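The structure appears right after this line, and notes come after that.
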Amino acid sequence: MNTWIAIGVTALGCYLVKLAGLLVPAGALERPLVRRLAALLPVALLAALTAQQTFADGHTLVLDARVAGLGAAAVALVLRAPFLAVVASAVVVTAAVRALGG
């Protein structure tokens, strides 16, 4: 029964967050600061998620093949490679480092 309570509370919370977003006045959303934050927030969240998934394993810092893959992706981005090439370089470097025992 506890699972259904958690599901119900989560569903209600999601509905209330959606409702709160709809109740915000349009004038508040047109402010330059709000527009800038709305544009930058997804990038910041994605960067934080990437860093957490790359460098953390529970509560410990991990430096393994994922770091090399992220570095390869960063180099590809600096060289202005297409997105598919960035992902491919990260995959290939990560797999190579893992295959070599790193």
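Numbering starts fresh at 1 for the residues of each chain in the structure tokens, the chains themselves are lettered A, B, ... in the order given, and ligands are numbered from 1 as they appear.
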
- Identify all residues of chain A in alpha helix (DSSP H) (DSSP on the backbone) and supply them as JSON, numbers by chain. {"A": [2, 3, 4, 5, 6, 7, 8, 9, 10, 11, 12, 13, 14, 15, 16, 17, 18, 19, 20, 21, 22, 23, 26, 27, 28, 29, 32, 33, 34, 35, 36, 37, 38, 39, 40, 41, 42, 43, 44, 45, 46, 47, 48, 49, 50, 51, 52, 53, 54, 55, 65, 66, 67, 68, 69, 70, 71, 72, 73, 74, 75, 76, 77, 78, 83, 84, 85, 86, 87, 88, 89, 90, 91, 92, 93, 94, 95, 96, 97, 98, 99]}

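DSSP, applied to the backbone of this structure, assigns strand (DSSP E) to the following residues of segment 11-69 of chain A: A:Ala56, A:Asp57, A:Thr60, A:Leu61.
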
Can I get the selected residues back with C-alpha atoms, as a PDB file, in the first residue's frame?
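Once written, part_11.pdb looks like this:
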ATOM      1  CA  ALA A  56      30.935   9.820  -9.077  1.00  0.00           C
ATOM      2  CA  ASP A  57      30.125   6.334  -7.923  1.00  0.00           C
ATOM      3  CA  THR A  60      33.284   8.434  -3.980  1.00  0.00           C
ATOM      4  CA  LEU A  61      35.245  10.163  -6.722  1.00  0.00           C
TER       5      LEU A  61
END

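Each of A:Val75, A:Leu12, A:Ala28, A:Gly101 was checked against Ser89 of chain A using only C-alpha atoms; the smallest atom-to-atom distance is that of A:Val75.
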
- Item | For segment 35-52 of chain A: contacts at 12 Å, only C-alpha atoms, fewer than 5 positions along chain excluded, given as a ChimeraX atom specification | /A:26-30,57-63,66-67,69-71,73

Convert the current residue selection to file output with all heavy atoms, as a tab-separated table (two decimals), in the first residue's frame.
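Result file is again-v7.tsv:
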chain	number	residue	atom	x	y	z
A	26	ALA	N	2.04	36.17	-17.43
A	26	ALA	CA	2.85	36.26	-18.65
A	26	ALA	C	3.89	37.37	-18.55
A	26	ALA	O	4.99	37.25	-19.08
A	26	ALA	CB	1.95	36.48	-19.85
A	27	GLY	N	3.57	38.43	-17.85
A	27	GLY	CA	4.52	39.53	-17.70
A	27	GLY	C	5.79	39.12	-16.97
A	27	GLY	O	6.87	39.62	-17.26
A	28	ALA	N	5.64	38.20	-16.02
A	28	ALA	CA	6.82	37.74	-15.28
A	28	ALA	C	7.74	36.91	-16.17
A	28	ALA	O	8.96	36.91	-15.99
A	28	ALA	CB	6.39	36.92	-14.07
A	29	LEU	N	7.16	36.21	-17.14
A	29	LEU	CA	7.97	35.37	-18.03
A	29	LEU	C	8.68	36.16	-19.11
A	29	LEU	O	9.60	35.65	-19.74
A	29	LEU	CB	7.08	34.30	-18.66
A	29	LEU	CG	6.42	33.34	-17.68
A	29	LEU	CD1	5.48	32.40	-18.43
A	29	LEU	CD2	7.45	32.57	-16.91
A	30	GLU	N	8.27	37.39	-19.33
A	30	GLU	CA	8.87	38.21	-20.38
A	30	GLU	C	10.07	39.02	-19.90
A	30	GLU	O	10.73	39.66	-20.70
A	30	GLU	CB	7.81	39.17	-20.96
A	30	GLU	CG	6.67	38.46	-21.64
A	30	GLU	CD	7.12	37.63	-22.83
A	30	GLU	OE1	8.05	38.04	-23.55
A	30	GLU	OE2	6.54	36.55	-23.05
A	57	ASP	N	30.67	7.68	-8.08
A	57	ASP	CA	30.13	6.33	-7.92
A	57	ASP	C	29.63	6.25	-6.48
A	57	ASP	O	30.40	5.91	-5.58
A	57	ASP	CB	31.19	5.28	-8.21
A	57	ASP	CG	30.63	3.88	-8.16
A	57	ASP	OD1	29.41	3.72	-8.28
A	57	ASP	OD2	31.43	2.93	-8.00
A	58	GLY	N	28.39	6.60	-6.29
A	58	GLY	CA	27.88	6.69	-4.93
A	58	GLY	C	28.41	7.95	-4.28
A	58	GLY	O	28.12	9.05	-4.71
A	59	HIS	N	29.25	7.78	-3.24
A	59	HIS	CA	29.81	8.93	-2.53
A	59	HIS	C	31.31	9.07	-2.76
A	59	HIS	O	31.97	9.80	-2.04
A	59	HIS	CB	29.53	8.81	-1.03
A	59	HIS	CG	28.08	8.90	-0.69
A	59	HIS	ND1	27.38	10.07	-0.79
A	59	HIS	CD2	27.19	7.97	-0.29
A	59	HIS	CE1	26.11	9.86	-0.44
A	59	HIS	NE2	25.98	8.58	-0.14
A	60	THR	N	31.85	8.38	-3.75
A	60	THR	CA	33.28	8.43	-3.98
A	60	THR	C	33.59	9.01	-5.36
A	60	THR	O	32.81	8.89	-6.30
A	60	THR	CB	33.91	7.03	-3.89
A	60	THR	OG1	33.29	6.19	-4.87
A	60	THR	CG2	33.70	6.42	-2.52
A	61	LEU	N	34.75	9.63	-5.46
A	61	LEU	CA	35.24	10.16	-6.72
A	61	LEU	C	35.87	9.04	-7.52
A	61	LEU	O	36.67	8.25	-7.00
A	61	LEU	CB	36.28	11.26	-6.47
A	61	LEU	CG	36.94	11.87	-7.70
A	61	LEU	CD1	35.91	12.65	-8.51
A	61	LEU	CD2	38.08	12.78	-7.29
A	62	VAL	N	35.50	8.94	-8.80
A	62	VAL	CA	35.99	7.86	-9.66
A	62	VAL	C	36.64	8.46	-10.90
A	62	VAL	O	36.04	9.31	-11.56
A	62	VAL	CB	34.83	6.93	-10.07
A	62	VAL	CG1	35.33	5.87	-11.02
A	62	VAL	CG2	34.19	6.31	-8.86
A	63	LEU	N	37.84	8.03	-11.18
A	63	LEU	CA	38.51	8.43	-12.41
A	63	LEU	C	38.80	7.16	-13.20
A	63	LEU	O	39.73	6.43	-12.91
A	63	LEU	CB	39.81	9.18	-12.10
A	63	LEU	CG	39.65	10.49	-11.32
A	63	LEU	CD1	41.00	11.07	-10.95
A	63	LEU	CD2	38.83	11.48	-12.11
A	66	ARG	N	35.50	6.54	-18.32
A	66	ARG	CA	34.51	7.57	-18.66
A	66	ARG	C	35.12	8.95	-18.74
A	66	ARG	O	34.71	9.78	-19.55
A	66	ARG	CB	33.37	7.56	-17.63
A	66	ARG	CG	32.57	6.27	-17.63
A	66	ARG	CD	31.54	6.26	-16.56
A	66	ARG	NE	32.22	6.20	-15.25
A	66	ARG	CZ	31.61	6.13	-14.09
A	66	ARG	NH1	30.29	6.12	-14.06
A	66	ARG	NH2	32.29	6.06	-12.98
A	67	VAL	N	36.14	9.21	-17.92
A	67	VAL	CA	36.82	10.51	-17.94
A	67	VAL	C	37.54	10.70	-19.27
A	67	VAL	O	37.50	11.78	-19.87
A	67	VAL	CB	37.79	10.64	-16.76
A	67	VAL	CG1	38.56	11.94	-16.83
A	67	VAL	CG2	37.04	10.52	-15.44
A	69	GLY	N	36.70	9.32	-22.10
A	69	GLY	CA	35.66	9.53	-23.11
A	69	GLY	C	35.12	10.94	-23.08
A	69	GLY	O	34.89	11.55	-24.13
A	70	LEU	N	34.92	11.49	-21.89
A	70	LEU	CA	34.45	12.86	-21.76
A	70	LEU	C	35.50	13.83	-22.30
A	70	LEU	O	35.17	14.81	-22.97
A	70	LEU	CB	34.13	13.18	-20.30
A	70	LEU	CG	33.53	14.55	-20.04
A	70	LEU	CD1	32.18	14.69	-20.73
A	70	LEU	CD2	33.40	14.79	-18.55
A	71	GLY	N	36.76	13.53	-22.04
A	71	GLY	CA	37.83	14.37	-22.59
A	71	GLY	C	37.86	14.34	-24.10
A	71	GLY	O	38.04	15.37	-24.75
A	73	ALA	N	35.31	13.77	-26.04
A	73	ALA	CA	34.15	14.53	-26.50
A	73	ALA	C	34.42	16.02	-26.40
A	73	ALA	O	34.03	16.79	-27.30
A	73	ALA	CB	32.92	14.15	-25.67

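One finds atom CA of Gly21 of chain A at 18.4 Å from atom CA of Val9 of chain A.
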
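By chain and then residue number, the residues within 8 Å of Ala65 of chain A are Val93, Thr94, Ala95, Val97, Arg98 and Gly102 of chain A, counting only C-alpha atoms and disregarding those fewer than 6 positions away in sequence.
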
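Across the model, the gap from atom CA of Leu77 of chain A to atom CA of Val34 of chain A is 28.1 Å.
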
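Between atom CA of Ile7 of chain A and atom CA of Leu19 of chain A the interatomic distance comes to 18.2 Å.
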